[in-house]
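Undergrad: Dropping the structure in here first, questions after.
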Amino acid sequence: MLTSKMHGGIIPPIAQDLHRKNIENVVADALKEANLSCNEVDAIATTVKPGLPLSLTIGTKYGKHLCRTYNKPFIPIHHMEAHALTARMHDSTIEFPFLVLLISGGHCLLAIAQDVDKFLLMGQSFDDAPGEVFDKMARRLKLKDILEYSEMSGGQAIECAASKATNPLEFNFTPTLLRYRDCNFSFAGNKNQCVRHILAQERKHGLSPDAIIPGVNNLCAGLLLVMTRHLCHRVQRGMEYAALKHLIPSDRRTLVVSGGVACNNFVAAGLQVLCDGMEYKLARPPHKLCTDNGVMIAWNGIERWRANKGITTDLDSITIEKSSPLGEDVRKDVELAN
Ligand code: ATP
Ligand code: FE
């Protein structure tokens, strides 16, 4: 995370080096804090997919090494499944099945979590992930210079700039896919609308790409608003599909939102309005559990351990995967049913 913020993005070999240098200490510190020895744990859970192969390799090799040394079973974890299940750690009243929206730096997924290891994938982004758009636009708008931050992510910076808007409705960007009846997402169109506006401003005022364009805060508010509207619109489609197919009992409808972008209070407020209208409960884990963290991987391990799912002692069968879909793809069915 630190490298990502310092370099404006993740650089795979640097990330791998940092993983290699830190993994032993991170595990030792966690055990020390929990007052446990490795002999006392039941199993070792490690992320094996999806993600940067260079980083996944380090974690998976070390996880296997611990399993061999202490004679423990291995629990391979899907990064997005872990984002989805964190909410159950924070709020034990959340039962399967529930609707889950995962909005992060690399993904935008809408699914029904039917069980620890059973997801129905209803929609995903055709292009950029929302966190990716925020990170790119924060860089393009030089928000680091304007807000004088070094520790904020791009998404936080956009949220902060948007909160300072003098006219949040100045930019009336058009939400995408309004006429499509599925649950997929697309953010590239709105990102391009923003970029076109920036280029036009640079031309109009004779600014170099290093300069800061006027009205940045209003532009951030416009981008945040249109992306929130789009997210809510597509999630509503998902809720309608779930009702049509009786996928979620009507007396305990829950929408879980997680992933780094779920930290955004404006997005959460939009989803809350939608949930109120559709009689859903909105569940959002605390910020530090929405963005990447080790606890969610450990929790996913506990969920799988309790359900006795995917635990293995055959370490040679474990492989990492750069990309991996989450669950059964029902997107075609959603499109036809709605
Ligand atoms: P993935 O989970 O898809 O592999 P990732 O692990 O890189 O991607 P996360 O750690 O879950 O993503 O989230 C990081 C993303 O969340 C970044 O793109 C960041 O800009 C975004 N983000 C963090 N805080 C906020 C916020 N307050 N508003 C909007 N976006 C935010
Ligand atoms: Fe993540």
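Ligands are numbered from 1 in the order shown, chains are lettered A, B, ... in the order of the structure tokens, and residues start at 1 in each chain.
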Counting only C-alpha atoms and all ligand atoms, what residues are within 7 Å of ligand 1, given as a PyMOL selection string?

TA: chain A and resi 51+79-80+104-107+131-132+134-135+153-156+158-159+259-265+290-292

Undergrad: Taking only C-alpha atoms and all ligand atoms into account, which of A:Ala15, A:Ile75, A:Ile103, A:Ile112 comes nearest ligand 2?

TA: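 Smallest separation from ligand 2 among the options: A:Ile103.
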
Undergrad: Which residues are near stretch 207-215 of chain A? Cut-off 12 Å, only C-alpha atoms, ignore same chain within fewer than 6 positions. Put them as a list in words.

TA: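 Listing them by chain and then by number gives Ala138, Arg139, Arg140, Leu141, Lys142, Leu143, Lys144, Asp145, Ile146, Leu147, Ala161, Ala162, Lys164, Ala165, Thr166, Asn167, Pro168, Leu169, Glu170, Phe171, Cys194, Val195, His197, Ile198, Leu199, Ala200, Gln201, Ala221 and Gly222 of chain A.
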
Undergrad: Calculate how many Å separate atom CA of A:Ser55 from atom CA of A:Asp115, rounding to one decimal.

TA: 27.8 Å

Undergrad: Env of A:Glu240: 10 Å cut, atoms = only C-alpha atoms, seq-sep filter 5 positions within chain, self excluded. Answer as a list in words.

TA: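 Within the cut-off, the hits are Arg234, Val235, Lys245, His246, Met278, Val334, Ala337 and Asn338 of chain A.
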
Undergrad: Extract, using only C-alpha atoms, all DNA, RNA and protein residues at most 12 Å from A:Asp316, discarding same-chain residues fewer than 2 positions from it, and format them as number ranges by chain.

TA: A: 60-61, 64-65, 67-68, 74, 312-314, 318-320

Undergrad: Looking at A:Met122, A:Cys160, A:Leu231, A:Leu66, which one is nearest to A:Ala43, with distances taken over only C-alpha atoms?

TA: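 The answer is A:Leu66, which sits nearest to A:Ala43.
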
Undergrad: Mind pulling up the distance from atom CA of A:Ala84 to atom CA of A:Ala113?

TA: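 Atom CA of A:Ala84 lies at a distance of 8.0 Å from atom CA of A:Ala113.
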
Undergrad: Considering only C-alpha atoms, can you say which of A:Ile77, A:Leu282, A:Val41, A:Leu247 comes closest to A:Phe96?

TA: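 The answer is A:Leu247, which sits nearest to A:Phe96.
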
Undergrad: As an exercise, work out the distance from atom CA of A:Ala298 to atom CA of A:Pro50 in Å and give it to one decimal place.

TA: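 Taking atom CA of A:Ala298 as the start and atom CA of A:Pro50 as the end point, the length is 16.5 Å.
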